[in-house]
file my_file.cif (mmCIF, C-alpha atoms and all ligand atoms)
data_entry
loop_
_atom_site.label_atom_id
_atom_site.label_comp_id
_atom_site.auth_asym_id
_atom_site.auth_seq_id
_atom_site.Cartn_x
_atom_site.Cartn_y
_atom_site.Cartn_z
CA MET R 1 77.17 122.17 77.38
CA SER R 2 79.67 120.09 79.31
CA ASN R 3 78.74 121.16 82.80
CA GLN R 4 74.99 121.06 82.90
CA SER R 5 74.92 119.76 86.47
CA LYS R 6 76.35 123.16 87.50
CA VAL R 7 73.19 124.95 86.37
CA HIS R 8 71.57 126.19 89.55
CA GLU R 9 69.19 129.12 89.30
CA ILE R 10 65.58 130.24 89.58
CA ARG R 11 63.93 130.96 86.24
CA TRP R 12 60.82 133.05 85.76
CA ASN R 13 57.96 131.61 83.72
CA PRO R 14 56.41 134.75 82.24
CA LEU R 15 53.37 132.84 80.88
CA ILE R 16 52.01 131.93 84.30
CA ARG R 17 54.17 134.30 86.34
CA GLN R 18 55.87 131.69 88.50
CA TRP R 19 59.41 130.93 89.62
CA ILE R 20 60.93 127.54 88.68
CA ILE R 21 63.89 126.20 90.65
CA VAL R 22 66.45 124.66 88.27
CA ALA R 23 68.96 122.39 90.00
CA GLY R 24 71.13 120.34 87.66
CA HIS R 25 72.77 118.33 90.45
CA ARG R 26 69.43 117.01 91.74
CA GLY R 27 69.25 114.67 88.74
CA ARG R 28 71.92 112.55 90.45
CA ARG R 29 70.13 111.98 93.75
CA PRO R 30 69.75 108.37 94.91
CA TRP R 31 66.53 106.50 94.26
CA ARG R 32 65.55 104.04 97.01
CA PRO R 33 69.10 103.11 98.14
CA GLU R 34 67.93 100.09 100.15
CA GLU R 35 66.61 98.42 97.01
CA LYS R 36 70.20 98.43 95.78
CA GLY R 37 71.50 97.06 99.09
CA LEU R 38 72.84 100.46 100.22
CA ALA R 39 72.43 101.80 103.76
CA CYS R 40 69.62 104.24 104.60
CA PRO R 41 71.32 107.63 105.21
CA PHE R 42 68.79 108.53 107.95
CA CYS R 43 69.33 105.49 110.17
CA PRO R 44 71.57 105.92 113.26
CA GLY R 45 75.28 105.32 112.70
CA THR R 46 75.55 106.33 109.05
CA PRO R 47 78.05 109.03 107.94
CA GLU R 48 75.19 111.59 107.99
CA THR R 49 74.01 110.81 111.53
CA LYS R 50 76.88 109.16 113.43
CA ASP R 51 78.28 112.31 115.06
CA LEU R 52 74.96 113.30 116.57
CA GLY R 53 74.99 110.93 119.53
CA VAL R 54 71.65 109.61 120.70
CA TRP R 55 68.77 111.43 119.01
CA ASP R 56 65.03 111.12 118.50
CA VAL R 57 64.45 113.95 115.99
CA ILE R 58 67.24 115.54 113.93
CA VAL R 59 67.56 118.23 111.28
CA LEU R 60 69.97 117.46 108.43
CA PRO R 61 70.97 119.58 105.46
CA ASN R 62 69.43 118.25 102.25
CA LYS R 63 72.33 116.52 100.43
CA PHE R 64 70.87 117.48 97.06
CA PRO R 65 69.46 120.92 97.83
CA ALA R 66 67.27 122.72 95.32
CA LEU R 67 68.38 125.97 96.98
CA SER R 68 71.58 126.95 98.75
CA PRO R 69 72.62 129.79 101.12
CA LYS R 70 75.67 130.48 98.91
CA PRO R 71 74.46 129.98 95.36
CA LEU R 72 76.26 130.72 92.11
CA LYS R 73 75.90 134.22 90.74
CA VAL R 74 73.68 134.49 87.69
CA PRO R 75 72.77 137.42 85.42
CA ARG R 76 69.41 139.08 86.14
CA PHE R 77 68.32 138.44 82.56
CA HIS R 78 69.31 135.63 80.25
CA THR R 79 70.18 137.01 76.79
CA GLY R 80 68.54 140.19 78.01
CA PHE R 81 65.10 138.60 77.84
CA PHE R 82 64.37 135.78 80.31
CA ARG R 83 64.31 136.69 83.97
CA VAL R 84 66.53 134.62 86.24
CA ARG R 85 67.84 134.88 89.80
CA ARG R 86 70.23 133.10 92.15
CA ALA R 87 69.00 129.86 93.72
CA ILE R 88 69.34 131.26 97.22
CA GLY R 89 67.58 129.50 100.06
CA VAL R 90 67.89 126.57 102.46
CA CYS R 91 66.73 122.97 102.06
CA GLU R 92 66.60 120.74 105.11
CA VAL R 93 65.39 117.32 106.08
CA ILE R 94 63.77 116.55 109.44
CA VAL R 95 64.39 112.92 110.35
CA GLU R 96 61.54 112.25 112.74
CA THR R 97 62.71 109.03 114.38
CA PRO R 98 65.72 106.67 114.41
CA MET R 99 63.20 103.93 113.49
CA HIS R 100 63.52 103.05 109.80
CA GLU R 101 59.83 102.42 109.07
CA GLY R 102 56.53 103.94 110.07
CA ASP R 103 54.51 107.11 110.16
CA LEU R 104 53.72 109.88 112.65
CA CYS R 105 51.11 107.61 114.24
CA ASN R 106 53.80 105.01 115.02
CA ILE R 107 55.84 107.31 117.24
CA ASP R 108 54.38 108.24 120.60
CA LEU R 109 52.65 111.51 121.47
CA ASP R 110 55.60 113.12 123.29
CA HIS R 111 57.90 112.20 120.44
CA THR R 112 55.52 113.62 117.82
CA ARG R 113 55.37 116.74 119.91
CA LYS R 114 59.16 117.05 119.56
CA VAL R 115 58.67 116.83 115.79
CA VAL R 116 56.20 119.74 116.03
CA ASP R 117 58.77 121.65 118.11
CA VAL R 118 61.41 121.17 115.42
CA PHE R 119 59.00 122.37 112.71
CA THR R 120 58.31 125.44 114.86
CA LYS R 121 61.96 126.22 115.64
CA GLU R 122 63.07 125.83 112.03
CA TYR R 123 60.21 128.02 110.81
CA SER R 124 61.41 130.83 113.09
CA ARG R 125 65.12 130.29 112.55
CA LEU R 126 65.02 130.06 108.75
CA GLY R 127 62.33 132.74 108.55
CA SER R 128 64.61 135.20 110.33
CA LEU R 129 67.30 134.94 107.60
CA ASN R 130 67.22 138.17 105.60
CA TYR R 131 67.06 136.43 102.20
CA ILE R 132 64.13 134.17 103.12
CA ARG R 133 60.56 135.26 102.46
CA TYR R 134 58.76 131.96 102.99
CA VAL R 135 59.43 128.76 104.92
CA ALA R 136 57.67 125.87 103.19
CA GLU R 137 57.36 122.84 105.48
CA PHE R 138 55.98 119.57 104.19
CA ARG R 139 56.01 115.81 104.41
CA ASN R 140 55.87 113.42 101.46
CA LYS R 141 55.19 109.76 102.12
CA GLY R 142 55.00 106.78 99.79
CA LYS R 143 56.44 105.59 96.49
CA GLU R 144 53.18 106.56 94.73
CA ILE R 145 54.18 110.19 95.09
CA GLY R 146 57.85 109.61 94.31
CA VAL R 147 59.48 109.54 97.74
CA SER R 148 63.04 108.31 97.30
CA LEU R 149 63.77 107.51 100.97
CA THR R 150 61.32 105.51 103.09
CA HIS R 151 62.76 106.44 106.51
CA PRO R 152 60.18 108.75 108.19
CA HIS R 153 61.14 112.33 107.39
CA SER R 154 59.79 115.74 106.45
CA GLN R 155 61.33 118.53 104.44
CA ILE R 156 61.77 122.27 104.60
CA TYR R 157 62.33 124.60 101.66
CA ALA R 158 63.17 128.10 102.88
CA LEU R 159 62.40 130.20 99.79
CA PRO R 160 63.42 133.68 98.60
CA PHE R 161 59.87 134.24 97.28
CA ILE R 162 56.29 133.61 98.42
CA PRO R 163 54.85 130.50 96.69
CA PRO R 164 51.94 131.16 94.29
CA ARG R 165 49.45 129.05 96.22
CA ILE R 166 50.17 131.03 99.38
CA MET R 167 49.90 134.30 97.43
CA CYS R 168 46.49 133.19 96.28
CA GLU R 169 45.38 132.32 99.83
CA LEU R 170 46.71 135.61 101.21
CA LYS R 171 44.73 137.52 98.61
CA SER R 172 41.53 135.62 99.47
CA PHE R 173 41.96 136.11 103.23
CA LYS R 174 42.71 139.79 102.77
CA ARG R 175 39.75 140.36 100.51
CA TYR R 176 37.41 138.61 102.90
CA TYR R 177 38.81 140.57 105.82
CA ILE R 178 38.39 143.91 104.06
CA LYS R 179 34.81 143.06 103.06
CA LYS R 180 33.54 141.45 106.27
CA ASN R 181 36.06 142.43 108.92
CA LYS R 182 36.34 138.73 109.81
CA CYS R 183 38.66 135.80 109.11
CA LEU R 184 37.75 133.52 106.21
CA LEU R 185 38.95 130.35 107.94
CA CYS R 186 37.31 131.20 111.28
CA ASP R 187 34.05 131.54 109.33
CA ILE R 188 34.58 128.30 107.38
CA MET R 189 35.09 126.52 110.71
CA LYS R 190 31.79 127.89 112.07
CA ILE R 191 29.89 126.65 109.01
CA GLU R 192 31.57 123.22 109.11
CA TYR R 193 30.64 122.85 112.78
CA LYS R 194 27.04 123.75 112.09
CA GLU R 195 26.83 121.36 109.15
CA GLY R 196 28.85 118.53 110.66
CA SER R 197 28.86 116.23 107.64
CA ARG R 198 32.51 116.78 106.76
CA LEU R 199 34.05 116.75 110.25
CA ILE R 200 36.49 113.94 111.04
CA TYR R 201 38.14 114.58 114.41
CA GLU R 202 38.68 117.32 116.94
CA ASN R 203 40.57 117.93 120.12
CA LYS R 204 40.66 120.94 122.42
CA CYS R 205 42.74 123.11 120.07
CA PHE R 206 42.39 121.69 116.52
CA ILE R 207 39.80 120.33 114.13
CA ALA R 208 40.21 117.98 111.14
CA LEU R 209 37.75 117.91 108.26
CA LEU R 210 37.37 117.13 104.60
CA PRO R 211 36.78 120.56 103.07
CA TYR R 212 33.57 121.35 101.15
CA PHE R 213 35.82 122.33 98.23
CA ALA R 214 38.22 119.35 98.38
CA MET R 215 40.33 118.77 95.26
CA TRP R 216 41.73 115.35 96.26
CA PRO R 217 39.34 112.48 97.11
CA TYR R 218 40.44 112.07 100.73
CA GLU R 219 41.84 115.55 101.31
CA ILE R 220 41.96 116.51 104.98
CA HIS R 221 42.47 119.95 106.44
CA VAL R 222 43.60 120.57 110.01
CA TYR R 223 42.67 123.97 111.42
CA PRO R 224 43.80 125.53 114.71
CA LYS R 225 40.67 126.72 116.55
CA ARG R 226 42.47 129.88 117.60
CA HIS R 227 43.18 132.53 114.95
CA VAL R 228 46.96 132.12 114.54
CA GLN R 229 49.29 132.74 111.59
CA ALA R 230 52.17 130.34 112.13
CA LEU R 231 53.46 127.47 114.28
CA SER R 232 55.46 130.02 116.27
CA ASP R 233 52.15 131.51 117.54
CA LEU R 234 51.09 128.24 119.17
CA ASN R 235 51.34 127.80 122.93
CA GLU R 236 52.57 124.62 124.63
CA GLU R 237 49.10 123.12 124.98
CA GLU R 238 48.34 123.78 121.30
CA LYS R 239 51.59 122.15 120.18
CA LEU R 240 50.71 119.01 122.09
CA HIS R 241 47.24 118.98 120.53
CA LEU R 242 48.73 119.50 117.09
CA ALA R 243 50.94 116.44 117.67
CA ASP R 244 47.80 114.55 118.71
CA ILE R 245 45.77 115.44 115.65
CA LEU R 246 48.67 114.66 113.26
CA ARG R 247 48.93 111.20 114.80
CA VAL R 248 45.18 110.63 114.58
CA ILE R 249 44.95 111.75 110.95
CA THR R 250 47.88 109.61 109.78
CA ALA R 251 46.41 106.65 111.71
CA THR R 252 43.06 107.34 110.02
CA TYR R 253 44.68 107.22 106.58
CA ASN R 254 46.46 103.95 107.37
CA THR R 255 43.17 102.47 108.61
CA LEU R 256 41.00 103.66 105.69
CA PHE R 257 42.06 100.88 103.29
CA GLU R 258 44.02 98.87 105.87
CA LYS R 259 47.31 99.71 104.19
CA ASP R 260 50.22 102.07 104.61
CA MET R 261 48.90 105.18 102.85
CA PRO R 262 50.95 107.65 100.83
CA TYR R 263 50.18 111.32 101.35
CA MET R 264 51.50 114.85 101.14
CA MET R 265 51.19 116.99 104.25
CA VAL R 266 51.78 120.73 103.84
CA PHE R 267 51.90 123.54 106.39
CA HIS R 268 50.33 126.78 105.19
CA GLN R 269 51.76 129.53 107.36
CA LYS R 270 52.29 133.26 106.90
CA PRO R 271 55.34 134.50 104.95
CA THR R 272 58.37 135.49 107.02
CA ASP R 273 59.06 138.84 105.33
CA LYS R 274 57.92 140.78 108.43
CA ARG R 275 54.84 142.29 106.82
CA ASN R 276 51.51 142.23 108.58
CA TYR R 277 49.55 139.07 107.87
CA SER R 278 47.20 139.20 110.85
CA TYR R 279 44.26 138.45 108.53
CA TYR R 280 45.73 135.02 107.68
CA HIS R 281 44.91 131.78 109.52
CA MET R 282 47.51 129.00 109.37
CA HIS R 283 46.44 125.43 108.63
CA ILE R 284 47.71 122.05 107.51
CA GLU R 285 46.52 120.27 104.37
CA PHE R 286 46.79 116.55 103.56
CA TYR R 287 46.49 115.31 99.98
CA GLN R 288 46.20 111.61 99.50
CA PRO R 289 46.45 110.17 95.96
CA TYR R 290 44.05 107.21 96.21
CA ARG R 291 40.40 107.57 95.21
CA ASP R 292 39.61 103.96 96.10
CA LYS R 293 41.42 101.01 97.68
CA ASP R 294 43.55 100.38 94.60
CA LYS R 295 42.73 103.23 92.25
CA LEU R 296 44.98 106.25 92.08
CA LYS R 297 43.74 109.71 91.24
CA TYR R 298 46.15 111.35 88.81
CA ALA R 299 46.61 115.03 88.23
CA ALA R 300 46.59 114.84 84.41
CA GLY R 301 45.54 116.94 81.41
CA ILE R 302 42.60 118.80 82.87
CA GLU R 303 44.26 119.27 86.26
CA TRP R 304 47.80 120.13 85.12
CA GLY R 305 47.01 121.69 81.78
CA PHE R 306 44.17 123.86 82.99
CA TRP R 307 44.30 123.79 86.81
CA VAL R 308 40.77 122.41 86.84
CA PHE R 309 40.16 119.61 89.32
CA THR R 310 37.44 117.04 89.06
CA TYR R 311 36.34 115.32 92.25
CA ASP R 312 35.52 111.66 91.59
CA GLY R 313 32.87 111.04 94.23
CA ILE R 314 30.88 112.93 96.83
CA PRO R 315 32.92 114.80 99.44
CA GLU R 316 30.36 114.15 102.22
CA LYS R 317 30.46 110.41 101.51
CA LYS R 318 34.26 110.33 101.59
CA ALA R 319 34.18 112.34 104.83
CA TYR R 320 31.86 109.71 106.30
CA GLU R 321 34.33 106.96 105.31
CA LEU R 322 37.14 108.91 106.94
CA ARG R 323 35.11 109.41 110.12
CA GLU R 324 34.48 105.65 110.28
CA ALA R 325 38.18 104.95 109.67
CA CYS R 326 39.02 107.47 112.39
CA SER R 327 36.83 105.74 114.97
CA LYS R 328 38.55 102.42 114.13
CA ALA R 329 41.96 104.08 114.25
CA LEU R 330 41.29 105.57 117.69
CA LYS R 331 40.70 102.08 119.09
CA LYS R 332 44.17 101.01 117.94
CA LEU R 333 46.02 104.15 118.99
CA ASP R 334 47.77 103.94 122.38
CA LYS R 335 46.80 107.48 123.36
CA TYR R 336 44.73 110.35 122.00
CA LEU R 337 43.34 113.61 123.39
CA GLY R 338 40.19 114.32 121.42
CA LYS R 339 37.04 112.82 119.96
CA ILE R 340 34.98 112.44 116.80
CA PRO R 341 32.68 115.48 116.70
ZN ZN R 401 66.53 104.40 107.83
ZN ZN R 402 40.93 132.89 111.65
FE FE R 403 45.78 126.32 102.51
#
call {"tool": "encode", "arguments": {"input": "my_file.cif", "output": "structure tokens"}}
result
Amino acid sequence: MSNQSKVHEIRWNPLIRQWIIVAGHRGRRPWRPEEKGLACPFCPGTPETKDLGVWDVIVLPNKFPALSPKPLKVPRFHTGFFRVRRAIGVCEVIVETPMHEGDLCNIDLDHTRKVVDVFTKEYSRLGSLNYIRYVAEFRNKGKEIGVSLTHPHSQIYALPFIPPRIMCELKSFKRYYIKKNKCLLCDIMKIEYKEGSRLIYENKCFIALLPYFAMWPYEIHVYPKRHVQALSDLNEEEKLHLADILRVITATYNTLFEKDMPYMMVFHQKPTDKRNYSYYHMHIEFYQPYRDKDKLKYAAGIEWGFWVFTYDGIPEKKAYELREACSKALKKLDKYLGKIP
């Protein structure tokens, strides 16, 4: 095969019933350009950003997109057996600040609120495209989890299918709703309040906690107190409080071991295929790869090969450490709207 970089399609794995995005051209994407003396593409004044004038948050097309709005045509079945479809979709990057370094806690509250606004707008805009069924919004930070560009940014994958993890959550929420006529997450929140041992921070509209069933050592979930399905359901006050809690949680991570912490932040929202998902409750999950100051937790044989997670430690103890880190972080933060529960 001479033109392997042209392979761009979504292949079906019939063993675990999941779609895999195959993008030959992504093998060529740059790894840490500044280490080779090249300019950061997200800083002001580069070819990518120079026509945008003065900006504080910008949305750029992903230069090496896993999905594209005008993908190559592919047969529905490869050799009549394997299922395959076009790699249709949209991949974007949200550059959160012109500043080259830092985290959400290093930009001020109003600025972070603009970042939340962009997440909200893009969710609605991309979700309204007829070929998009799910808008996956997330933020990867740190070389430990393979981030190729250090400039603060998040990503959006607008997908033509609903991701398996979301499918699984939808099923659980629906089942719980049918059985109890209540929302699973609203009930989890009630229990966590009563118990208290895993709570980390709360403000008027959101709560942050380490879940009872955490899979990652310092996993943090952020739940809106109101039963809402997506960012687009939030009112102005809630968006400001979401910005607040995102700043506090990232500051808490950076304070925990007194170092710049890597993490994944993912938004779990309802699909955008116009069906009724009123039983779902949106939330944000943070996975952080360290299990101790300088020990990484790897997803290895048991986790990847069997989808069985082991938790090295006691969730309530880790939650206590996070609460302590949070109270230290609040002292350093210029502004915050909530308190430690
Ligand atoms: Zn930069
Ligand atoms: Zn709910
Ligand atoms: Fe979730």
call {"tool": "residues_near_ligand", "arguments": {"input": "my_file.cif", "ligand": "ligand ZN 401 (chain R)", "cutoff": "10 Å", "atoms": "all atoms listed in the file", "output": "list in words"}}
result
Glu34, Ala39, Cys40, Pro41, Phe42, Cys43, Pro44, Thr46, Val95, Thr97, Pro98, Met99, His100, Glu101, Leu149, Thr150, His151, Pro152 and His153 of chain R
call {"tool": "residues_near_ligand", "arguments": {"input": "my_file.cif", "ligand": "ligand ZN 402 (chain R)", "cutoff": "8 Å", "atoms": "all atoms listed in the file", "output": "NGL selection string"}}
result
:R and (182-187 or 225-228 or 279-282)
call {"tool": "write_last_selection", "arguments": {"input": "my_file.cif", "atoms": "C-alpha atoms", "output": "mmCIF file, in the coordinates of the input"}}
result
data_model
loop_
_atom_site.group_PDB
_atom_site.id
_atom_site.type_symbol
_atom_site.label_atom_id
_atom_site.label_comp_id
_atom_site.auth_asym_id
_atom_site.auth_seq_id
_atom_site.Cartn_x
_atom_site.Cartn_y
_atom_site.Cartn_z
ATOM 1 C CA LYS R 182 36.340 138.730 109.810
ATOM 2 C CA CYS R 183 38.660 135.800 109.110
ATOM 3 C CA LEU R 184 37.750 133.520 106.210
ATOM 4 C CA LEU R 185 38.950 130.350 107.940
ATOM 5 C CA CYS R 186 37.310 131.200 111.280
ATOM 6 C CA ASP R 187 34.050 131.540 109.330
ATOM 7 C CA LYS R 225 40.670 126.720 116.550
ATOM 8 C CA ARG R 226 42.470 129.880 117.600
ATOM 9 C CA HIS R 227 43.180 132.530 114.950
ATOM 10 C CA VAL R 228 46.960 132.120 114.540
ATOM 11 C CA TYR R 279 44.260 138.450 108.530
ATOM 12 C CA TYR R 280 45.730 135.020 107.680
ATOM 13 C CA HIS R 281 44.910 131.780 109.520
ATOM 14 C CA MET R 282 47.510 129.000 109.370
#
call {"tool": "residues_near_ligand", "arguments": {"input": "my_file.cif", "ligand": "ligand FE 403 (chain R)", "cutoff": "10 Å", "atoms": "only C-alpha atoms and all ligand atoms", "output": "ChimeraX atom specification"}}
result
/R:165-166,168-170,185,221-223,266-269,281-286
call {"tool": "closest_atom_pairs", "arguments": {"input": "my_file.cif", "of": "stretch 117-193 of chain R", "to": "stretch 199-214 of chain R", "cutoff": "9 Å", "atoms": "only C-alpha atoms", "output": "Markdown table"}}
result
| residue | atom | partner | partner_atom | distance |
| --- | --- | --- | --- | --- |
| R:Met189 | CA | R:Ile207 | CA | 8.5 |
| R:Glu192 | CA | R:Leu199 | CA | 7.0 |
| R:Tyr193 | CA | R:Leu199 | CA | 7.4 |
call {"tool": "atom_distance", "arguments": {"input": "my_file.cif", "atom1": "atom CA of R:Val248", "atom2": "atom CA of R:Met265"}}
result
13.5 Å
call {"tool": "residues_near_point", "arguments": {"input": "my_file.cif", "point": "(57.7, 114.0, 98.2)", "cutoff": "10 Å", "atoms": "only C-alpha atoms", "output": "PyMOL selection string"}}
result
chain R and resi 138-149+153-155+262-265
call {"tool": "residues_near_point", "arguments": {"input": "my_file.cif", "point": "(47.2, 107.5, 115.3)", "cutoff": "8 Å", "atoms": "only C-alpha atoms", "output": "list in words"}}
result
Leu104, Cys105, Asn106, Asp244, Leu246, Arg247, Val248, Ile249, Thr250, Ala251, Thr252, Ala329, Leu330, Lys332, Leu333, Asp334 and Tyr336 of chain R
call {"tool": "write_last_selection", "arguments": {"input": "my_file.cif", "atoms": "C-alpha atoms", "output": "compact mmCIF listing (two decimals), in the coordinates of the input"}}
result
# COMPACT_ATOMS: atom_id res chain seq x y z
CA LEU R 104 53.72 109.88 112.65
CA CYS R 105 51.11 107.61 114.24
CA ASN R 106 53.80 105.01 115.02
CA ASP R 244 47.80 114.55 118.71
CA LEU R 246 48.67 114.66 113.26
CA ARG R 247 48.93 111.20 114.80
CA VAL R 248 45.18 110.63 114.58
CA ILE R 249 44.95 111.75 110.95
CA THR R 250 47.88 109.61 109.78
CA ALA R 251 46.41 106.65 111.71
CA THR R 252 43.06 107.34 110.02
CA ALA R 329 41.96 104.08 114.25
CA LEU R 330 41.29 105.57 117.69
CA LYS R 332 44.17 101.01 117.94
CA LEU R 333 46.02 104.15 118.99
CA ASP R 334 47.77 103.94 122.38
CA TYR R 336 44.73 110.35 122.00
call {"tool": "atom_distance", "arguments": {"input": "my_file.cif", "atom1": "atom CA of R:Phe77", "atom2": "atom CA of R:Pro65"}}
result
23.3 Å
call {"tool": "closest_residue", "arguments": {"input": "my_file.cif", "among": "R:Asn13, R:Gly102, R:Tyr157, R:Pro224", "to": "R:Asp260", "atoms": "only C-alpha atoms"}}
result
R:Gly102
call {"tool": "atom_distance", "arguments": {"input": "my_file.cif", "atom1": "atom CA of R:Ile20", "atom2": "atom CA of R:Arg85"}}
result
10.1 Å
call {"tool": "closest_residue", "arguments": {"input": "my_file.cif", "among": "R:Leu109, R:Tyr134, R:Tyr311, R:Gly338", "to": "R:Met167", "atoms": "all atoms listed in the file"}}
result
R:Tyr134
call {"tool": "closest_residue", "arguments": {"input": "my_file.cif", "among": "R:Val59, R:Leu256, R:Leu296, R:Leu129", "to": "R:Leu322", "atoms": "all atoms listed in the file"}}
result
R:Leu256
call {"tool": "closest_residue", "arguments": {"input": "my_file.cif", "among": "R:Ile88, R:Gly127, R:Ile156, R:Val22", "to": "R:Leu60", "atoms": "all atoms listed in the file"}}
result
R:Ile156
call {"tool": "residues_around", "arguments": {"input": "my_file.cif", "residues": "R:Arg291", "least_positions_apart": "4", "cutoff": "12 Å", "atoms": "only C-alpha atoms", "output": "PyMOL selection string"}}
result
chain R and resi 215-219+256-257+261-262+287+295-299+310-315+318+321
call {"tool": "residues_around", "arguments": {"input": "my_file.cif", "residues": "R:Tyr131", "least_positions_apart": "3", "cutoff": "12 Å", "atoms": "only C-alpha atoms", "output": "list in words"}}
result
Leu67, Ser68, Pro69, Lys70, Pro71, Arg86, Ala87, Ile88, Gly89, Val90, Leu126, Gly127, Ser128, Tyr134, Val135, Ala158, Leu159, Pro160, Phe161, Ile162, Thr272, Asp273 and Lys274 of chain R
call {"tool": "write_last_selection", "arguments": {"input": "my_file.cif", "atoms": "C-alpha atoms", "output": "tab-separated table (two decimals), in the coordinates of the input"}}
result
chain	number	residue	atom	x	y	z
R	67	LEU	CA	68.38	125.97	96.98
R	68	SER	CA	71.58	126.95	98.75
R	69	PRO	CA	72.62	129.79	101.12
R	70	LYS	CA	75.67	130.48	98.91
R	71	PRO	CA	74.46	129.98	95.36
R	86	ARG	CA	70.23	133.10	92.15
R	87	ALA	CA	69.00	129.86	93.72
R	88	ILE	CA	69.34	131.26	97.22
R	89	GLY	CA	67.58	129.50	100.06
R	90	VAL	CA	67.89	126.57	102.46
R	126	LEU	CA	65.02	130.06	108.75
R	127	GLY	CA	62.33	132.74	108.55
R	128	SER	CA	64.61	135.20	110.33
R	134	TYR	CA	58.76	131.96	102.99
R	135	VAL	CA	59.43	128.76	104.92
R	158	ALA	CA	63.17	128.10	102.88
R	159	LEU	CA	62.40	130.20	99.79
R	160	PRO	CA	63.42	133.68	98.60
R	161	PHE	CA	59.87	134.24	97.28
R	162	ILE	CA	56.29	133.61	98.42
R	272	THR	CA	58.37	135.49	107.02
R	273	ASP	CA	59.06	138.84	105.33
R	274	LYS	CA	57.92	140.78	108.43
call {"tool": "build_atoms", "arguments": {"input": "my_file.cif", "residues": "stretch 37-49 of chain R", "atoms": "N, CA, C and O atoms", "output": "PDB file, in the frame of the given file"}}
result
ATOM      1  N   GLY R  37      70.663  97.598  98.022  1.00  0.00           N
ATOM      2  CA  GLY R  37      71.500  97.060  99.090  1.00  0.00           C
ATOM      3  C   GLY R  37      72.357  98.105  99.785  1.00  0.00           C
ATOM      4  O   GLY R  37      73.263  97.772 100.532  1.00  0.00           O
ATOM      5  N   LEU R  38      72.075  99.400  99.555  1.00  0.00           N
ATOM      6  CA  LEU R  38      72.840 100.460 100.220  1.00  0.00           C
ATOM      7  C   LEU R  38      72.176 100.860 101.533  1.00  0.00           C
ATOM      8  O   LEU R  38      70.974 100.676 101.707  1.00  0.00           O
ATOM      9  N   ALA R  39      72.965 101.433 102.447  1.00  0.00           N
ATOM     10  CA  ALA R  39      72.430 101.800 103.760  1.00  0.00           C
ATOM     11  C   ALA R  39      71.514 103.023 103.647  1.00  0.00           C
ATOM     12  O   ALA R  39      71.716 103.905 102.816  1.00  0.00           O
ATOM     13  N   CYS R  40      70.493 103.069 104.511  1.00  0.00           N
ATOM     14  CA  CYS R  40      69.620 104.240 104.600  1.00  0.00           C
ATOM     15  C   CYS R  40      70.394 105.372 105.265  1.00  0.00           C
ATOM     16  O   CYS R  40      70.908 105.207 106.364  1.00  0.00           O
ATOM     17  N   PRO R  41      70.506 106.543 104.629  1.00  0.00           N
ATOM     18  CA  PRO R  41      71.320 107.630 105.210  1.00  0.00           C
ATOM     19  C   PRO R  41      70.726 108.220 106.487  1.00  0.00           C
ATOM     20  O   PRO R  41      71.407 108.938 107.206  1.00  0.00           O
ATOM     21  N   PHE R  42      69.442 107.940 106.783  1.00  0.00           N
ATOM     22  CA  PHE R  42      68.790 108.530 107.950  1.00  0.00           C
ATOM     23  C   PHE R  42      68.795 107.611 109.173  1.00  0.00           C
ATOM     24  O   PHE R  42      68.341 107.994 110.244  1.00  0.00           O
ATOM     25  N   CYS R  43      69.261 106.381 109.019  1.00  0.00           N
ATOM     26  CA  CYS R  43      69.330 105.490 110.170  1.00  0.00           C
ATOM     27  C   CYS R  43      70.513 105.880 111.068  1.00  0.00           C
ATOM     28  O   CYS R  43      71.473 106.478 110.585  1.00  0.00           O
ATOM     29  N   PRO R  44      70.450 105.577 112.375  1.00  0.00           N
ATOM     30  CA  PRO R  44      71.570 105.920 113.260  1.00  0.00           C
ATOM     31  C   PRO R  44      72.854 105.233 112.799  1.00  0.00           C
ATOM     32  O   PRO R  44      72.807 104.130 112.263  1.00  0.00           O
ATOM     33  N   GLY R  45      73.983 105.925 112.982  1.00  0.00           N
ATOM     34  CA  GLY R  45      75.280 105.320 112.700  1.00  0.00           C
ATOM     35  C   GLY R  45      75.799 105.477 111.286  1.00  0.00           C
ATOM     36  O   GLY R  45      76.891 105.023 110.971  1.00  0.00           O
ATOM     37  N   THR R  46      75.049 106.115 110.410  1.00  0.00           N
ATOM     38  CA  THR R  46      75.550 106.330 109.050  1.00  0.00           C
ATOM     39  C   THR R  46      76.422 107.594 109.039  1.00  0.00           C
ATOM     40  O   THR R  46      76.406 108.365 110.006  1.00  0.00           O
ATOM     41  N   PRO R  47      77.187 107.828 107.970  1.00  0.00           N
ATOM     42  CA  PRO R  47      78.050 109.030 107.940  1.00  0.00           C
ATOM     43  C   PRO R  47      77.269 110.318 108.226  1.00  0.00           C
ATOM     44  O   PRO R  47      77.787 111.231 108.865  1.00  0.00           O
ATOM     45  N   GLU R  48      76.007 110.384 107.792  1.00  0.00           N
ATOM     46  CA  GLU R  48      75.190 111.590 107.990  1.00  0.00           C
ATOM     47  C   GLU R  48      74.815 111.799 109.458  1.00  0.00           C
ATOM     48  O   GLU R  48      74.638 112.922 109.912  1.00  0.00           O
ATOM     49  N   THR R  49      74.607 110.698 110.192  1.00  0.00           N
ATOM     50  CA  THR R  49      74.010 110.810 111.530  1.00  0.00           C
ATOM     51  C   THR R  49      74.942 110.396 112.668  1.00  0.00           C
ATOM     52  O   THR R  49      74.622 110.594 113.828  1.00  0.00           O
TER      53      THR R  49
END
